[in-house]
Amino acid sequence: MNRVQISIRSMKTSAKSYGWVHKWSRFKRWQEMQAAHAENVQEKQRNQSFIKLPTGLYITPERPDDLTPKKAPADMTRKDTGQLPMELLTWHTQMRYVDHSIDNIKRYRRYKNFQHMQYDQRVIPERLLFLGADLAAAHFLVHRGAAVKFVGDDNWYKKDKWNRYSLPGQKVDNLFIEAIDASNTQIMFEGLENLENLSHLRLLRLANCEFIDDWSIGRIGGLLPNLEMLDLSGCHRISSKGLMGLKNSKKLKFLRLEGLSDIKNLGKSALILEDLLPKLKVLGMDYEAAFRQVEAENRLLEQERVVLDGKGNAFMEDDNSRLFLVMSTSSEERAVTDDNDNPIMTSTVRREIPKMSDLEFEKINALSGGKLRHLLVGSPSGYEWNETTEKILEHEASLNLADDVITDPKMLPHGKRPEFELEESRSKLEDAKIQFLKEFGGNLETEKEDQEENSKKLLKSH
């Protein structure tokens, strides 16, 4: 036995004796685990029935390796050659860096819970066989905190305060689900497979479901062709591209998107959907805020120093021809954060201060929403932490002051840097409002609706 095996054996012993030692297991889908289990059972049965005697007994070989198909040396894995798994060796090397803080343990448990939910929400064929598609979906949803309504029945079936509910335990003819309210549940992509063949489903509410993402939206568009009302309010994992997965829902009439104004280009996707689906009306979408976002991007791109790359990302070029990111096309700009959405890393991509006038710098920084100065501080992405950025700038300025080092005005915190009067250009939306009030005398009853229509038209033109 060599030194590595001895040290790994001692490491295993210590890990068992101290229950707090844990490691992040490799992510495995439940399909992979089932396939591995079936392969293990098949191999075990093959070994047990190696030789059958006339008496009916079986002889198992002393070396099970004799039954396995032989591989070429180049195709053999570490397991085939009897070596220690690479995962174990890597874990042994990284044991000194294992984080046993309370936050990391909570994060680890959430990760394990996510794996469990993914397996728990799989489709069970036996349930579908004995209950039928609609009743099986009702049991699946109500058990996980949702509410369902059947055709011809005004009652909503859900759990009571003792977590009990009453649904038939066997197949019932002509029992069809008409509406589902799965708001604030943990339904995910795997769970949506249970909603297949719900031909009478018209209403689906998924408001504030944290695991609903672009893949889930695409699955809804393919599974539920007769859906008429869909609520995705508060589902912050969806993007403008993912929303286009509903383009095949030809019968969709109402789509609610409240609380999603921070998602980039979502207003454009909502307008495109309304054009593709003539019966559709999108509710809760702040088209005015979406237009302001598009208008700010256009003003940024109008600057002479701003250039675009092949992917549509915008960079500012300084006097030394160096590029600084000011706008990203990525729908997911979040960097490495803790549970409170505070940055874990702030010095990964720290850049030199661009060589340009302070006035130009402040103008482009304002048009980028503060992203330019924020990236100079050292965020690993374009995700803004305005408050954290100011704290870092204030701390560095105080250190420079103590060391008698002059701080560049561009890197001074708010309140200490020189203030510039930036030229404000009037918004096209404001011009449309003024023109409307001049023509119609400021009719307050229809002003809000016309403002929304103007925002839609201007957003389409961009």
# chains A, B, ... in the order shown; residues from 1 in each chain; ligands from 1
call {"tool": "residues_around", "arguments": {"residues": "region 279-284 of chain A", "least_positions_apart": "3", "cutoff": "6 Å", "atoms": "only C-alpha atoms", "output": "short mmCIF file (atom, residue, chain, number, x, y, z; two decimals) with N, CA and C atoms, in the first residue's frame"}}
result
data_model
loop_
_atom_site.label_atom_id
_atom_site.label_comp_id
_atom_site.auth_asym_id
_atom_site.auth_seq_id
_atom_site.Cartn_x
_atom_site.Cartn_y
_atom_site.Cartn_z
N LEU A 252 -53.55 31.55 -26.75
CA LEU A 252 -53.25 32.36 -25.57
C LEU A 252 -53.87 33.75 -25.72
N LYS A 253 -54.66 34.16 -24.72
CA LYS A 253 -55.35 35.45 -24.76
C LYS A 253 -54.78 36.46 -23.78
N PHE A 254 -54.35 36.01 -22.59
CA PHE A 254 -53.86 36.93 -21.57
C PHE A 254 -52.54 36.40 -21.01
N LEU A 255 -51.56 37.29 -20.93
CA LEU A 255 -50.25 36.96 -20.37
C LEU A 255 -49.86 38.06 -19.39
N ARG A 256 -49.70 37.70 -18.13
CA ARG A 256 -49.37 38.68 -17.08
C ARG A 256 -47.88 38.61 -16.77
N LEU A 257 -47.23 39.80 -16.79
CA LEU A 257 -45.78 39.89 -16.58
C LEU A 257 -45.45 40.97 -15.57
N GLU A 258 -46.13 41.01 -14.46
CA GLU A 258 -45.88 42.05 -13.46
C GLU A 258 -44.56 41.80 -12.73
N GLU A 274 -47.44 39.80 -29.14
CA GLU A 274 -48.77 40.33 -29.45
C GLU A 274 -49.00 40.40 -30.95
#
call {"tool": "select_by_dssp", "arguments": {"residues": "region 85-150 of chain A", "states": "strand (DSSP E or B)", "output": "VMD selection string"}}
result
chain A and resid 147 to 150
call {"tool": "write_last_selection", "arguments": {"atoms": "N, CA, C and O atoms", "output": "mmCIF file, in the first residue's frame"}}
result
data_model
loop_
_atom_site.group_PDB
_atom_site.id
_atom_site.type_symbol
_atom_site.label_atom_id
_atom_site.label_comp_id
_atom_site.auth_asym_id
_atom_site.auth_seq_id
_atom_site.Cartn_x
_atom_site.Cartn_y
_atom_site.Cartn_z
ATOM 1 N N ALA A 147 -53.165 24.726 -6.274
ATOM 2 C CA ALA A 147 -54.621 24.557 -6.244
ATOM 3 C C ALA A 147 -55.106 24.289 -7.663
ATOM 4 O O ALA A 147 -54.570 24.857 -8.626
ATOM 5 N N VAL A 148 -56.119 23.419 -7.795
ATOM 6 C CA VAL A 148 -56.650 23.060 -9.114
ATOM 7 C C VAL A 148 -58.162 23.221 -9.115
ATOM 8 O O VAL A 148 -58.825 23.136 -8.068
ATOM 9 N N LYS A 149 -58.682 23.481 -10.300
ATOM 10 C CA LYS A 149 -60.133 23.609 -10.493
ATOM 11 C C LYS A 149 -60.523 22.756 -11.694
ATOM 12 O O LYS A 149 -59.859 22.778 -12.725
ATOM 13 N N PHE A 150 -61.622 21.996 -11.543
ATOM 14 C CA PHE A 150 -62.066 21.092 -12.590
ATOM 15 C C PHE A 150 -63.206 21.718 -13.398
ATOM 16 O O PHE A 150 -63.891 22.638 -12.928
#
call {"tool": "residues_around", "arguments": {"residues": "Glu396 (chain A)", "least_positions_apart": "5", "cutoff": "9 Å", "atoms": "only C-alpha atoms", "output": "ChimeraX atom specification"}}
result
/A:391,401,407,411-412
call {"tool": "select_by_dssp", "arguments": {"residues": "region 171-301 of chain A", "states": "alpha helix (DSSP H)", "output": "MDAnalysis selection string"}}
result
chainID A and resid 189:192 214:223 240:243 266:276 287:301
call {"tool": "atom_distance", "arguments": {"atom1": "CA of Lys363 (chain A)", "atom2": "CA of Gly267 (chain A)"}}
result
26.0 Å
call {"tool": "residues_around", "arguments": {"residues": "Leu273 (chain A)", "least_positions_apart": "6", "cutoff": "8 Å", "atoms": "only C-alpha atoms", "output": "list in words"}}
result
Met244, Leu246, Lys247 and Leu280 of chain A
call {"tool": "write_last_selection", "arguments": {"atoms": "N, CA and C atoms", "output": "compact mmCIF listing (two decimals), in the first residue's frame"}}
result
# COMPACT_ATOMS: atom_id res chain seq x y z
N MET A 244 -40.20 34.07 -25.93
CA MET A 244 -40.63 33.74 -27.28
C MET A 244 -41.00 32.27 -27.42
N LEU A 246 -43.43 31.00 -26.16
CA LEU A 246 -44.89 30.93 -26.16
C LEU A 246 -45.49 31.22 -27.53
N LYS A 247 -44.64 31.37 -28.55
CA LYS A 247 -45.17 31.74 -29.87
C LYS A 247 -46.04 30.64 -30.48
N LEU A 280 -53.76 37.77 -28.25
CA LEU A 280 -53.03 37.94 -26.99
C LEU A 280 -53.04 39.39 -26.53
call {"tool": "closest_residue", "arguments": {"among": "A:Met327, A:Leu230, A:Leu141, A:Met117", "to": "Lys264 (chain A)", "atoms": "only C-alpha atoms"}}
result
A:Met327
call {"tool": "residues_around", "arguments": {"residues": "Gly222 (chain A)", "least_positions_apart": "5", "cutoff": "10 Å", "atoms": "only C-alpha atoms", "output": "PyMOL selection string"}}
result
chain A and resi 196+216-217+245-249
call {"tool": "residues_around", "arguments": {"residues": "Met188 (chain A)", "least_positions_apart": "4", "cutoff": "10 Å", "atoms": "only C-alpha atoms", "output": "PyMOL selection string"}}
result
chain A and resi 114+117-118+121+192-193+209-213+215-216
call {"tool": "closest_residue", "arguments": {"among": "A:Asn197, A:Asn313, A:Pro278, A:Ala290", "to": "Leu266 (chain A)", "atoms": "only C-alpha atoms"}}
result
A:Ala290
call {"tool": "residues_around", "arguments": {"residues": "Glu43 (chain A)", "least_positions_apart": "6", "cutoff": "12 Å", "atoms": "only C-alpha atoms", "output": "tab-separated table (two decimals) with N, CA and C atoms, in the first residue's frame"}}
result
chain	number	residue	atom	x	y	z
A	36	ALA	N	-27.53	3.83	-13.94
A	36	ALA	CA	-26.43	3.18	-13.22
A	36	ALA	C	-26.94	2.05	-12.33
A	37	HIS	N	-28.10	2.26	-11.69
A	37	HIS	CA	-28.67	1.21	-10.85
A	37	HIS	C	-29.08	0.01	-11.69
A	49	SER	N	-25.78	-15.99	-12.25
A	49	SER	CA	-26.19	-17.08	-13.15
A	49	SER	C	-25.10	-17.42	-14.16
A	50	PHE	N	-23.85	-17.46	-13.71
A	50	PHE	CA	-22.72	-17.72	-14.60
A	50	PHE	C	-22.77	-19.15	-15.13
A	60	THR	N	-21.24	-18.90	-9.09
A	60	THR	CA	-20.77	-17.54	-9.32
A	60	THR	C	-19.25	-17.56	-9.44
A	64	PRO	N	-15.40	-11.62	-10.74
A	64	PRO	CA	-16.46	-11.08	-11.62
A	64	PRO	C	-15.90	-10.39	-12.86
A	65	ASP	N	-14.64	-9.96	-12.81
A	65	ASP	CA	-14.06	-9.29	-13.98
A	65	ASP	C	-13.97	-10.20	-15.19
A	66	ASP	N	-14.02	-11.53	-14.96
A	66	ASP	CA	-13.92	-12.46	-16.08
A	66	ASP	C	-15.14	-12.40	-16.99
A	67	LEU	N	-16.27	-11.90	-16.46
A	67	LEU	CA	-17.51	-11.85	-17.23
A	67	LEU	C	-17.68	-10.54	-17.99
A	68	THR	N	-17.03	-9.50	-17.54
A	68	THR	CA	-17.20	-8.20	-18.19
A	68	THR	C	-16.49	-8.19	-19.53
A	69	PRO	N	-17.04	-7.47	-20.51
A	69	PRO	CA	-16.38	-7.41	-21.82
A	69	PRO	C	-15.00	-6.76	-21.70
call {"tool": "closest_residue", "arguments": {"among": "A:Ser269, A:Ile406, A:Leu135, A:Val377", "to": "Glu390 (chain A)", "atoms": "only C-alpha atoms"}}
result
A:Val377
call {"tool": "closest_residue", "arguments": {"among": "A:Ala402, A:Ala136, A:Leu323, A:Val294", "to": "Leu308 (chain A)", "atoms": "only C-alpha atoms"}}
result
A:Leu323
call {"tool": "closest_residue", "arguments": {"among": "A:Leu204, A:Ala314, A:Ile263, A:Ile59", "to": "Asn298 (chain A)", "atoms": "only C-alpha atoms"}}
result
A:Ala314
call {"tool": "closest_residue", "arguments": {"among": "A:Leu224, A:Ile124, A:Ala179, A:Ile238", "to": "Asp262 (chain A)", "atoms": "only C-alpha atoms"}}
result
A:Ile238
